[in-house]
Each structure stands twice: as C-alpha cells, then as structure tokens.
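Worksheet: one structure, shown below.
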Amino acid sequence: MENRKKNDEFSEDIEYVGRIKMQYASLSKAQKRIANYILNHREAVVHYSITTMAQKTGTVPSTITRFCQALSYKGFSELKVYMEKNLASPLAMDVPIQKSDTIQVVIQKLMSTFQNAVSDTMRTLDGKVLVRVVDAILNAKNIVFFGQSGGSISASFAQQLLLRINILSQMVSGQVDMNLAASTLEKGDVAIGIAYSGEVRSVIEAMTTAKHNKATIIAITANPASTMGKLADLKLFYSYNIPDDLQYLHLASMCELAIIGAIQAEILRRPMQLEKIEACKKAVLASRIK
C-alpha cells in the first residue's frame, strides 16, 4: 500500500515515470522490483552505478540493462539523465507551464516552444518580401521603428543592429512620440511597426499617419489577419503558435530579433554596403580596450 501511494504521487507527465507505468504490466517480476525501487528512491538512484543498483534491487547488471531497454532507453546511464532532470514527456510539451512543474520541466517547455516557434518562423518568413524590405530600407531617407512594450525592445535592438552596419534609424515608443515621429515622415521614408498581435493601438495609429504621408509601411508581426498586417505595404510574419501567457511573451521578441537579424544579413550581402561596413567595424574596434 505504501509503495502504491508513493507511486501515485508521481505524475505521468514526467518522461521516465510515464514509460514505467506504460510498460509495468509487461515487465518481469525482477523488472517490476526495479521499477518500484526507482519510483520510491529517485534521489538515491541518480547517484548509483549499475552495479549498486543491481545490489539494491537484488538483481544483476544485465537485468538492469534489459529493464532500461524495455523502457526504450539505451541503458542505465540514459535513464538516470531523464530521472535527474525530471524531463517531461513529449505529450506534456503541449500543455502550458503549470504551477506544479519543476524548474527543469519549465525550462524544457520553454525551449521546446521556442524551437517550434523558430521552425514556424523559418517556414513563414518570405525571403522575397525580406529582400524588398531591405531595398526599401537602403533607399529610405528616414527609417523609424515603432514599438510598444515588448515591441519597443525589439525596435531598440533593430535600431542598434542597423547602426552597427552604418545605417541610421530611429526607435520611438509611447503614443505621443510615435504620432509626432510618424507625422514627420513622407514619401521615400520607411515606418516599421513591431507587435506580436498586430493590434497595438498606438503602433497602428502611428503607421496610419505615416501611410497617409505616403511613407512605406512595414509590419513585423505574428498575425497576418491583424490590423497592422492589413495596413502594411510589406509584411514579415513569424510564428503565431506562441502561448498568450506572460511566461512565453519573450519568445515573440526572440522571433522578432531573428527577423531583424535576417534583415541585417541581407543588407550585408549587398556589395555597395562593404565600404560603409568596413568604416563601422573600425569604429567598433577602436572603442575596445586593447
């Protein structure tokens, strides 16, 4: 009864626990003894050698190995990695972060969601549109990035990244300042709005003003059907499969930064930029302590 109670305290969302419970009925008597020992002594088992584990369970090392292989692990060492880190099962990755999750599972869920978001962005980002965005930037008299909250962080990064390749731009946040900056733009200028939802009122108002003044409007957003997406002349979309939760919001910024990095990479491919870039490199190197 005590063993069963302890076993029930383990969540099947934890990878190794789920595998043990799934295979338990088909295990031999000796393997079930190993399974029960693992579920009740996790903290100790992660420090055991396979020989020690065999002694503790009254078995032999080859039985430990066969038990691990029955759970689809290569061996005891791989099982211990999953136990030590409390890694969650792939199915659990689809469930948002829970209060009951361990820190290792939280990290695992964040990294898994980030990998999926990057993969989605790679599929979503249109290279031909990105080339046109770079054309507009290189031909612009003035370049202004508009962003609010998380979008302002990405806008600030964009300004700095362009400056590193000798392209001057502005980053503006705050409703009043965005409207003032947008009102100064005209034909030949570029206004770039950044927002995950594509529905940030202050950014939309600034982009609308800039569009009225015939500036080229560029949107970096996850939502193709958004007001920003419909308003823009050129759209760079990234993954919309990021949970709408505070714990995941930074992943949208990371996708935005990746797009901005792709813009810089395309600019660096242009032969006419080489001379300016060399001058910028010298300025950066000169600022460093030798």
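Residue numbering restarts at 1 for every chain of the structure tokens, chains are lettered A, B, ... in their displayed order, and ligands are numbered from 1 as they appear.
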
DSSP strand (DSSP E) residues within range 100-283 of chain A, listed as a PyMOL selection string: chain A and resi 143-147+170-172+190-194+216-221+234-237

Polymer residues at most 8 Å from Ile220 in chain A, only C-alpha atoms, same-chain spacing of 5 or more positions, as a list of chain:residue names: A:Ile192, A:Gly193, A:Ile194, A:Ala195, A:Tyr196, A:Lys235, A:Leu236, A:Phe237, A:Tyr238, A:Glu256

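Of the listed residues A:Met53, A:Val144, A:Ala232, A:Leu79, the one whose atoms come nearest to Leu162 in chain A is A:Val144, with distances taken using only C-alpha atoms.
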
Best match for closeness to Leu251 in chain A among A:Ile204, A:His212, A:Ala117, A:Ser197, counting only C-alpha atoms: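 With only C-alpha atoms as the atom set, the closest residue is A:Ala117.
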
Per DSSP on the backbone, filter range 132-247 of chain A down to the residues in helix (DSSP H, G or I) and report them as a short mmCIF file (atom, residue, chain, number, x, y, z; two decimals) with all heavy atoms, in the first residue's frame.
```cif
data_model
loop_
_atom_site.label_atom_id
_atom_site.label_comp_id
_atom_site.auth_asym_id
_atom_site.auth_seq_id
_atom_site.Cartn_x
_atom_site.Cartn_y
_atom_site.Cartn_z
N ARG A 132 12.68 42.84 -50.48
CA ARG A 132 12.01 44.12 -50.78
C ARG A 132 12.07 45.06 -49.58
O ARG A 132 12.19 46.28 -49.75
CB ARG A 132 10.56 43.86 -51.18
CG ARG A 132 10.41 43.15 -52.53
CD ARG A 132 8.97 42.76 -52.80
NE ARG A 132 8.10 43.93 -52.85
CZ ARG A 132 6.78 43.87 -52.76
NH1 ARG A 132 6.17 42.69 -52.59
NH2 ARG A 132 6.06 44.96 -52.83
N VAL A 133 11.99 44.51 -48.38
CA VAL A 133 12.12 45.32 -47.17
C VAL A 133 13.51 45.96 -47.12
O VAL A 133 13.66 47.15 -46.82
CB VAL A 133 11.89 44.46 -45.90
CG1 VAL A 133 12.34 45.20 -44.65
CG2 VAL A 133 10.41 44.09 -45.79
N VAL A 134 14.54 45.17 -47.41
CA VAL A 134 15.90 45.69 -47.41
C VAL A 134 16.06 46.76 -48.49
O VAL A 134 16.70 47.80 -48.25
CB VAL A 134 16.92 44.55 -47.61
CG1 VAL A 134 18.32 45.10 -47.90
CG2 VAL A 134 16.95 43.66 -46.37
N ASP A 135 15.47 46.55 -49.65
CA ASP A 135 15.52 47.57 -50.72
C ASP A 135 14.93 48.89 -50.21
O ASP A 135 15.50 49.97 -50.43
CB ASP A 135 14.73 47.10 -51.95
CG ASP A 135 15.42 45.96 -52.69
OD1 ASP A 135 16.66 45.81 -52.53
OD2 ASP A 135 14.73 45.24 -53.43
N ALA A 136 13.79 48.79 -49.54
CA ALA A 136 13.12 50.00 -49.03
C ALA A 136 13.99 50.69 -47.98
O ALA A 136 14.11 51.93 -47.97
CB ALA A 136 11.76 49.62 -48.45
N ILE A 137 14.62 49.91 -47.10
CA ILE A 137 15.46 50.48 -46.05
C ILE A 137 16.67 51.19 -46.65
O ILE A 137 17.02 52.32 -46.26
CB ILE A 137 15.91 49.38 -45.07
CG1 ILE A 137 14.72 48.94 -44.20
CG2 ILE A 137 17.06 49.86 -44.17
CD1 ILE A 137 15.01 47.74 -43.32
N LEU A 138 17.32 50.54 -47.62
CA LEU A 138 18.53 51.12 -48.21
C LEU A 138 18.23 52.37 -49.04
O LEU A 138 19.11 53.23 -49.22
CB LEU A 138 19.24 50.07 -49.08
CG LEU A 138 19.86 48.89 -48.31
CD1 LEU A 138 20.48 47.89 -49.28
CD2 LEU A 138 20.90 49.38 -47.32
N ASN A 139 17.02 52.48 -49.54
CA ASN A 139 16.64 53.64 -50.36
C ASN A 139 15.93 54.73 -49.56
O ASN A 139 15.60 55.79 -50.11
CB ASN A 139 15.74 53.20 -51.52
CG ASN A 139 16.48 52.34 -52.53
OD1 ASN A 139 17.63 52.62 -52.86
ND2 ASN A 139 15.84 51.29 -53.02
N GLY A 150 6.85 45.12 -25.30
CA GLY A 150 7.83 44.18 -25.84
C GLY A 150 8.31 44.56 -27.22
O GLY A 150 9.47 44.37 -27.57
N GLY A 151 7.42 45.15 -28.02
CA GLY A 151 7.79 45.58 -29.36
C GLY A 151 8.83 46.68 -29.36
O GLY A 151 9.65 46.78 -30.28
N SER A 152 8.82 47.51 -28.30
CA SER A 152 9.81 48.59 -28.22
C SER A 152 11.21 48.04 -27.97
O SER A 152 12.21 48.61 -28.40
CB SER A 152 9.43 49.58 -27.11
OG SER A 152 9.54 48.98 -25.83
N ILE A 153 11.28 46.89 -27.27
CA ILE A 153 12.58 46.25 -27.03
C ILE A 153 13.16 45.77 -28.37
O ILE A 153 14.33 45.99 -28.67
CB ILE A 153 12.42 45.06 -26.07
CG1 ILE A 153 11.97 45.56 -24.69
CG2 ILE A 153 13.73 44.28 -25.94
CD1 ILE A 153 11.60 44.46 -23.73
N SER A 154 12.32 45.15 -29.18
CA SER A 154 12.77 44.69 -30.49
C SER A 154 13.10 45.87 -31.40
O SER A 154 14.07 45.82 -32.16
CB SER A 154 11.68 43.83 -31.14
OG SER A 154 11.43 42.68 -30.37
N ALA A 155 12.33 46.93 -31.30
CA ALA A 155 12.59 48.13 -32.11
C ALA A 155 13.93 48.76 -31.73
O ALA A 155 14.70 49.20 -32.59
CB ALA A 155 11.46 49.14 -31.93
N SER A 156 14.23 48.79 -30.43
CA SER A 156 15.50 49.33 -29.97
C SER A 156 16.67 48.47 -30.47
O SER A 156 17.70 48.99 -30.90
CB SER A 156 15.51 49.39 -28.44
OG SER A 156 16.72 49.90 -27.96
N PHE A 157 16.48 47.16 -30.43
CA PHE A 157 17.51 46.25 -30.92
C PHE A 157 17.73 46.48 -32.42
O PHE A 157 18.87 46.47 -32.90
CB PHE A 157 17.08 44.80 -30.66
CG PHE A 157 18.05 43.78 -31.19
CD1 PHE A 157 19.18 43.44 -30.46
CD2 PHE A 157 17.82 43.14 -32.40
CE1 PHE A 157 20.07 42.49 -30.93
CE2 PHE A 157 18.71 42.19 -32.88
CZ PHE A 157 19.83 41.87 -32.14
N ALA A 158 16.63 46.66 -33.16
CA ALA A 158 16.74 46.89 -34.61
C ALA A 158 17.54 48.15 -34.91
O ALA A 158 18.39 48.17 -35.81
CB ALA A 158 15.33 46.99 -35.21
N GLN A 159 17.25 49.21 -34.16
CA GLN A 159 17.99 50.46 -34.34
C GLN A 159 19.49 50.24 -34.13
O GLN A 159 20.33 50.70 -34.92
CB GLN A 159 17.47 51.52 -33.37
CG GLN A 159 18.19 52.86 -33.51
CD GLN A 159 17.90 53.78 -32.32
OE1 GLN A 159 17.53 53.31 -31.25
NE2 GLN A 159 18.06 55.07 -32.53
N GLN A 160 19.84 49.53 -33.06
CA GLN A 160 21.24 49.27 -32.75
C GLN A 160 21.90 48.38 -33.80
O GLN A 160 23.05 48.60 -34.19
CB GLN A 160 21.36 48.62 -31.37
CG GLN A 160 21.07 49.57 -30.23
CD GLN A 160 22.08 50.71 -30.17
OE1 GLN A 160 23.29 50.51 -30.33
NE2 GLN A 160 21.59 51.92 -29.97
N LEU A 161 21.17 47.38 -34.28
CA LEU A 161 21.73 46.45 -35.25
C LEU A 161 22.00 47.15 -36.58
O LEU A 161 23.01 46.89 -37.24
CB LEU A 161 20.79 45.26 -35.45
CG LEU A 161 21.44 43.94 -35.86
CD1 LEU A 161 22.44 43.49 -34.80
CD2 LEU A 161 20.40 42.86 -36.06
N LEU A 162 21.10 48.04 -36.97
CA LEU A 162 21.32 48.80 -38.21
C LEU A 162 22.48 49.78 -38.05
O LEU A 162 23.26 49.99 -38.98
CB LEU A 162 20.05 49.54 -38.63
CG LEU A 162 18.88 48.70 -39.14
CD1 LEU A 162 17.77 49.59 -39.68
CD2 LEU A 162 19.33 47.73 -40.22
N LEU A 163 22.58 50.37 -36.87
CA LEU A 163 23.68 51.30 -36.62
C LEU A 163 25.03 50.60 -36.75
O LEU A 163 26.01 51.20 -37.21
CB LEU A 163 23.54 51.91 -35.22
CG LEU A 163 24.51 53.04 -34.86
CD1 LEU A 163 24.36 54.22 -35.82
CD2 LEU A 163 24.27 53.48 -33.42
N GLN A 175 2.73 56.68 -27.16
CA GLN A 175 1.74 57.10 -28.15
C GLN A 175 2.01 58.49 -28.72
O GLN A 175 1.98 58.69 -29.93
CB GLN A 175 0.35 57.07 -27.51
CG GLN A 175 -0.77 57.38 -28.49
CD GLN A 175 -2.14 57.12 -27.90
OE1 GLN A 175 -2.26 56.83 -26.72
NE2 GLN A 175 -3.18 57.21 -28.70
N VAL A 176 2.30 59.46 -27.86
CA VAL A 176 2.50 60.83 -28.33
C VAL A 176 3.73 60.91 -29.22
O VAL A 176 3.69 61.47 -30.32
CB VAL A 176 2.64 61.81 -27.14
CG1 VAL A 176 3.00 63.21 -27.64
CG2 VAL A 176 1.35 61.86 -26.33
N ASP A 177 4.85 60.34 -28.76
CA ASP A 177 6.09 60.40 -29.53
C ASP A 177 5.96 59.66 -30.86
O ASP A 177 6.49 60.11 -31.88
CB ASP A 177 7.25 59.80 -28.73
CG ASP A 177 7.67 60.71 -27.58
OD1 ASP A 177 7.25 61.88 -27.57
OD2 ASP A 177 8.42 60.25 -26.71
N MET A 178 5.24 58.55 -30.86
CA MET A 178 5.06 57.81 -32.11
C MET A 178 4.25 58.62 -33.12
O MET A 178 4.59 58.69 -34.30
CB MET A 178 4.38 56.47 -31.84
CG MET A 178 5.34 55.41 -31.32
SD MET A 178 4.68 53.72 -31.37
CE MET A 178 3.74 53.68 -29.86
N ASN A 179 3.20 59.28 -32.65
CA ASN A 179 2.40 60.11 -33.56
C ASN A 179 3.20 61.30 -34.09
O ASN A 179 3.09 61.67 -35.26
CB ASN A 179 1.14 60.60 -32.85
CG ASN A 179 0.07 59.51 -32.75
OD1 ASN A 179 0.01 58.62 -33.59
ND2 ASN A 179 -0.76 59.57 -31.72
N LEU A 180 4.02 61.90 -33.22
CA LEU A 180 4.85 63.02 -33.66
C LEU A 180 5.85 62.58 -34.71
O LEU A 180 6.03 63.24 -35.74
CB LEU A 180 5.58 63.63 -32.46
CG LEU A 180 4.74 64.46 -31.49
CD1 LEU A 180 5.56 64.84 -30.26
CD2 LEU A 180 4.22 65.73 -32.18
N ALA A 181 6.52 61.45 -34.45
CA ALA A 181 7.52 60.95 -35.40
C ALA A 181 6.87 60.57 -36.73
O ALA A 181 7.40 60.86 -37.80
CB ALA A 181 8.25 59.76 -34.80
N ALA A 182 5.71 59.92 -36.65
CA ALA A 182 5.02 59.49 -37.87
C ALA A 182 4.60 60.69 -38.72
O ALA A 182 4.63 60.62 -39.95
CB ALA A 182 3.80 58.66 -37.50
N SER A 183 4.24 61.77 -38.07
CA SER A 183 3.79 62.96 -38.81
C SER A 183 4.91 63.63 -39.60
O SER A 183 4.65 64.41 -40.52
CB SER A 183 3.16 63.98 -37.85
OG SER A 183 4.14 64.51 -36.98
N THR A 184 6.17 63.33 -39.25
CA THR A 184 7.30 63.93 -39.98
C THR A 184 7.70 63.12 -41.20
O THR A 184 8.49 63.59 -42.03
CB THR A 184 8.53 64.04 -39.06
OG1 THR A 184 9.03 62.73 -38.74
CG2 THR A 184 8.19 64.78 -37.78
N ARG A 201 -2.74 49.55 -30.41
CA ARG A 201 -3.39 50.77 -30.88
C ARG A 201 -2.40 51.89 -31.23
O ARG A 201 -2.49 52.51 -32.30
CB ARG A 201 -4.37 51.27 -29.82
CG ARG A 201 -5.22 52.46 -30.28
CD ARG A 201 -6.05 53.01 -29.11
NE ARG A 201 -6.87 51.97 -28.51
CZ ARG A 201 -8.05 51.60 -28.97
NH1 ARG A 201 -8.55 52.19 -30.04
NH2 ARG A 201 -8.74 50.66 -28.35
N SER A 202 -1.44 52.14 -30.35
CA SER A 202 -0.51 53.25 -30.57
C SER A 202 0.35 53.04 -31.82
O SER A 202 0.62 53.99 -32.56
CB SER A 202 0.38 53.45 -29.35
OG SER A 202 1.08 52.26 -29.03
N VAL A 203 0.77 51.80 -32.05
CA VAL A 203 1.58 51.49 -33.24
C VAL A 203 0.74 51.63 -34.50
O VAL A 203 1.19 52.18 -35.52
CB VAL A 203 2.18 50.08 -33.13
CG1 VAL A 203 2.95 49.72 -34.40
CG2 VAL A 203 3.10 49.99 -31.92
N ILE A 204 -0.50 51.16 -34.44
CA ILE A 204 -1.40 51.25 -35.59
C ILE A 204 -1.67 52.71 -35.96
O ILE A 204 -1.65 53.09 -37.14
CB ILE A 204 -2.73 50.52 -35.30
CG1 ILE A 204 -2.48 49.00 -35.22
CG2 ILE A 204 -3.78 50.82 -36.36
CD1 ILE A 204 -3.64 48.21 -34.68
N GLU A 205 -1.90 53.54 -34.94
CA GLU A 205 -2.15 54.96 -35.20
C GLU A 205 -0.94 55.62 -35.86
O GLU A 205 -1.09 56.41 -36.81
CB GLU A 205 -2.49 55.68 -33.89
CG GLU A 205 -3.86 55.31 -33.34
CD GLU A 205 -4.16 56.00 -32.01
OE1 GLU A 205 -3.25 56.70 -31.50
OE2 GLU A 205 -5.28 55.83 -31.49
N ALA A 206 0.25 55.30 -35.39
CA ALA A 206 1.47 55.87 -35.98
C ALA A 206 1.65 55.40 -37.42
O ALA A 206 1.99 56.19 -38.31
CB ALA A 206 2.68 55.50 -35.14
N MET A 207 1.42 54.11 -37.66
CA MET A 207 1.55 53.56 -39.01
C MET A 207 0.52 54.16 -39.95
O MET A 207 0.80 54.42 -41.13
CB MET A 207 1.41 52.03 -38.96
CG MET A 207 2.58 51.34 -38.26
SD MET A 207 2.31 49.56 -38.03
CE MET A 207 2.41 48.98 -39.73
N THR A 208 -0.68 54.40 -39.44
CA THR A 208 -1.74 55.01 -40.25
C THR A 208 -1.34 56.43 -40.66
O THR A 208 -1.52 56.83 -41.82
CB THR A 208 -3.07 55.04 -39.47
OG1 THR A 208 -3.44 53.71 -39.12
CG2 THR A 208 -4.17 55.66 -40.31
N THR A 209 -0.79 57.19 -39.72
CA THR A 209 -0.33 58.55 -40.02
C THR A 209 0.79 58.52 -41.05
O THR A 209 0.80 59.31 -42.01
CB THR A 209 0.17 59.25 -38.74
OG1 THR A 209 -0.91 59.33 -37.81
CG2 THR A 209 0.69 60.64 -39.04
N ALA A 210 1.75 57.61 -40.87
CA ALA A 210 2.87 57.51 -41.81
C ALA A 210 2.39 57.10 -43.20
O ALA A 210 2.89 57.60 -44.21
CB ALA A 210 3.88 56.50 -41.28
N LYS A 211 1.40 56.21 -43.24
CA LYS A 211 0.86 55.77 -44.53
C LYS A 211 0.15 56.92 -45.24
O LYS A 211 0.26 57.08 -46.47
CB LYS A 211 -0.10 54.59 -44.33
CG LYS A 211 -0.54 53.91 -45.63
CD LYS A 211 -1.40 52.70 -45.33
CE LYS A 211 -1.75 51.96 -46.61
NZ LYS A 211 -0.59 51.25 -47.19
N HIS A 212 -0.56 57.72 -44.46
CA HIS A 212 -1.24 58.89 -45.03
C HIS A 212 -0.23 59.86 -45.66
O HIS A 212 -0.53 60.52 -46.66
CB HIS A 212 -2.04 59.60 -43.93
CG HIS A 212 -2.74 60.83 -44.40
ND1 HIS A 212 -3.89 60.79 -45.18
CD2 HIS A 212 -2.46 62.16 -44.22
CE1 HIS A 212 -4.28 62.02 -45.46
NE2 HIS A 212 -3.43 62.87 -44.89
N THR A 227 -4.73 44.14 -37.91
CA THR A 227 -4.84 45.49 -38.49
C THR A 227 -3.50 45.94 -39.04
O THR A 227 -3.43 46.53 -40.13
CB THR A 227 -5.32 46.49 -37.41
OG1 THR A 227 -6.57 46.03 -36.88
CG2 THR A 227 -5.50 47.88 -38.00
N MET A 228 -2.40 45.68 -38.32
CA MET A 228 -1.07 46.03 -38.81
C MET A 228 -0.75 45.31 -40.11
O MET A 228 -0.20 45.90 -41.04
CB MET A 228 -0.01 45.70 -37.74
CG MET A 228 0.13 46.75 -36.66
SD MET A 228 1.33 46.26 -35.38
CE MET A 228 2.80 45.93 -36.35
N GLY A 229 -1.10 44.02 -40.16
CA GLY A 229 -0.84 43.24 -41.36
C GLY A 229 -1.56 43.78 -42.57
O GLY A 229 -1.01 43.84 -43.67
N LYS A 230 -2.81 44.19 -42.36
CA LYS A 230 -3.61 44.73 -43.47
C LYS A 230 -3.15 46.13 -43.88
O LYS A 230 -3.28 46.52 -45.03
CB LYS A 230 -5.08 44.75 -43.06
CG LYS A 230 -5.68 43.37 -42.85
CD LYS A 230 -7.10 43.46 -42.31
CE LYS A 230 -7.68 42.07 -42.05
NZ LYS A 230 -9.04 42.15 -41.46
N LEU A 231 -2.61 46.85 -42.92
CA LEU A 231 -2.21 48.24 -43.16
C LEU A 231 -0.88 48.34 -43.91
O LEU A 231 -0.66 49.28 -44.69
CB LEU A 231 -2.09 48.96 -41.81
CG LEU A 231 -1.80 50.47 -41.81
CD1 LEU A 231 -2.94 51.23 -42.45
CD2 LEU A 231 -1.59 50.93 -40.36
N LEU A 246 2.25 35.36 -20.00
CA LEU A 246 3.42 36.16 -19.64
C LEU A 246 4.72 35.37 -19.66
O LEU A 246 5.77 35.90 -19.99
CB LEU A 246 3.22 36.77 -18.24
CG LEU A 246 2.24 37.94 -18.14
CD1 LEU A 246 2.05 38.33 -16.68
CD2 LEU A 246 2.76 39.14 -18.93
N GLN A 247 4.65 34.09 -19.30
CA GLN A 247 5.86 33.28 -19.24
C GLN A 247 6.44 32.97 -20.61
O GLN A 247 7.59 32.53 -20.72
CB GLN A 247 5.57 31.97 -18.49
CG GLN A 247 5.20 32.21 -17.03
CD GLN A 247 4.75 30.94 -16.34
OE1 GLN A 247 5.50 30.32 -15.62
NE2 GLN A 247 3.52 30.55 -16.57
#
```

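Ranking A:Asn36, A:Gln170, A:Ala30, A:Ile165 by their shortest atom-to-atom distance to Arg269 in chain A, with only C-alpha atoms included, puts A:Ile165 first.
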
A:Gln98, A:Ile167, A:Gly198, A:Asp120 ranked by distance to Phe146 in chain A, top pick (using only C-alpha atoms):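 Of A:Gln98, A:Ile167, A:Gly198, A:Asp120, the one nearest Phe146 in chain A, counting only C-alpha atoms, is A:Gly198.
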
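Shortest separation to Ser49 in chain A among A:Ser26, A:Leu185, A:Tyr37, A:Lys80 occurs at residue A:Lys80, atoms counted being only C-alpha atoms.
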
May I have the residues within 10 Å of Gly58 in chain A as a PDB file with all heavy atoms, in the first residue's frame, using only C-alpha atoms and disregarding those fewer than 3 positions away in the same chain?
```pdb
ATOM      1  N   ALA A  30      11.297  -9.459 -11.632  1.00  0.00           N
ATOM      2  CA  ALA A  30      12.524  -8.755 -11.247  1.00  0.00           C
ATOM      3  C   ALA A  30      12.502  -7.308 -11.751  1.00  0.00           C
ATOM      4  O   ALA A  30      12.926  -6.374 -11.055  1.00  0.00           O
ATOM      5  CB  ALA A  30      13.751  -9.486 -11.794  1.00  0.00           C
ATOM      6  N   ARG A  33      10.350  -5.167  -9.669  1.00  0.00           N
ATOM      7  CA  ARG A  33      11.049  -4.809  -8.433  1.00  0.00           C
ATOM      8  C   ARG A  33      11.968  -3.601  -8.673  1.00  0.00           C
ATOM      9  O   ARG A  33      12.041  -2.692  -7.856  1.00  0.00           O
ATOM     10  CB  ARG A  33      11.852  -6.006  -7.932  1.00  0.00           C
ATOM     11  CG  ARG A  33      12.393  -5.838  -6.528  1.00  0.00           C
ATOM     12  CD  ARG A  33      12.725  -7.161  -5.869  1.00  0.00           C
ATOM     13  NE  ARG A  33      13.809  -7.857  -6.546  1.00  0.00           N
ATOM     14  CZ  ARG A  33      13.665  -9.012  -7.203  1.00  0.00           C
ATOM     15  NH1 ARG A  33      12.471  -9.590  -7.285  1.00  0.00           N
ATOM     16  NH2 ARG A  33      14.701  -9.589  -7.764  1.00  0.00           N
ATOM     17  N   ILE A  34      12.619  -3.578  -9.824  1.00  0.00           N
ATOM     18  CA  ILE A  34      13.478  -2.433 -10.194  1.00  0.00           C
ATOM     19  C   ILE A  34      12.621  -1.181 -10.373  1.00  0.00           C
ATOM     20  O   ILE A  34      12.960  -0.102  -9.891  1.00  0.00           O
ATOM     21  CB  ILE A  34      14.249  -2.737 -11.504  1.00  0.00           C
ATOM     22  CG1 ILE A  34      15.205  -3.907 -11.291  1.00  0.00           C
ATOM     23  CG2 ILE A  34      15.019  -1.499 -11.968  1.00  0.00           C
ATOM     24  CD1 ILE A  34      15.792  -4.459 -12.585  1.00  0.00           C
ATOM     25  N   THR A  52      25.680  -0.962  -8.192  1.00  0.00           N
ATOM     26  CA  THR A  52      24.999  -0.626  -6.940  1.00  0.00           C
ATOM     27  C   THR A  52      23.496  -0.806  -7.078  1.00  0.00           C
ATOM     28  O   THR A  52      22.834  -1.336  -6.176  1.00  0.00           O
ATOM     29  CB  THR A  52      25.310   0.824  -6.525  1.00  0.00           C
ATOM     30  OG1 THR A  52      26.723   0.985  -6.394  1.00  0.00           O
ATOM     31  CG2 THR A  52      24.630   1.182  -5.217  1.00  0.00           C
ATOM     32  N   MET A  53      22.958  -0.394  -8.225  1.00  0.00           N
ATOM     33  CA  MET A  53      21.525  -0.532  -8.471  1.00  0.00           C
ATOM     34  C   MET A  53      21.127  -2.010  -8.439  1.00  0.00           C
ATOM     35  O   MET A  53      20.081  -2.380  -7.881  1.00  0.00           O
ATOM     36  CB  MET A  53      21.164   0.097  -9.818  1.00  0.00           C
ATOM     37  CG  MET A  53      19.680   0.082 -10.124  1.00  0.00           C
ATOM     38  SD  MET A  53      18.726   1.073  -8.945  1.00  0.00           S
ATOM     39  CE  MET A  53      17.069   0.703  -9.504  1.00  0.00           C
ATOM     40  N   ALA A  54      21.951  -2.857  -9.022  1.00  0.00           N
ATOM     41  CA  ALA A  54      21.661  -4.290  -9.029  1.00  0.00           C
ATOM     42  C   ALA A  54      21.668  -4.847  -7.604  1.00  0.00           C
ATOM     43  O   ALA A  54      20.800  -5.646  -7.229  1.00  0.00           O
ATOM     44  CB  ALA A  54      22.685  -5.019  -9.892  1.00  0.00           C
ATOM     45  N   GLN A  55      22.624  -4.413  -6.802  1.00  0.00           N
ATOM     46  CA  GLN A  55      22.706  -4.874  -5.411  1.00  0.00           C
ATOM     47  C   GLN A  55      21.480  -4.427  -4.615  1.00  0.00           C
ATOM     48  O   GLN A  55      20.912  -5.192  -3.820  1.00  0.00           O
ATOM     49  CB  GLN A  55      23.986  -4.335  -4.755  1.00  0.00           C
ATOM     50  CG  GLN A  55      25.266  -4.941  -5.317  1.00  0.00           C
ATOM     51  CD  GLN A  55      26.519  -4.263  -4.796  1.00  0.00           C
ATOM     52  OE1 GLN A  55      26.451  -3.167  -4.207  1.00  0.00           O
ATOM     53  NE2 GLN A  55      27.669  -4.880  -5.001  1.00  0.00           N
TER      54      GLN A  55
END
```

d(CA of Ser119 in chain A, CA of Pro243 in chain A) in Å: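 Atom-to-atom, CA of Ser119 in chain A to CA of Pro243 in chain A, that is 15.4 Å.
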
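Minimum atom-to-atom distance to Asp101 in chain A, evaluated using only C-alpha atoms, belongs to A:Ile14 out of A:Val190, A:Ile260, A:Leu249, A:Ile14.
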
Å distance separating CA of Cys255 in chain A from CA of Val118 in chain A, one decimal place: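 A separation of 6.6 Å between them.
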
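Of note, CA of Ala252 in chain A and CA of Glu15 in chain A are spaced 27.7 Å apart.
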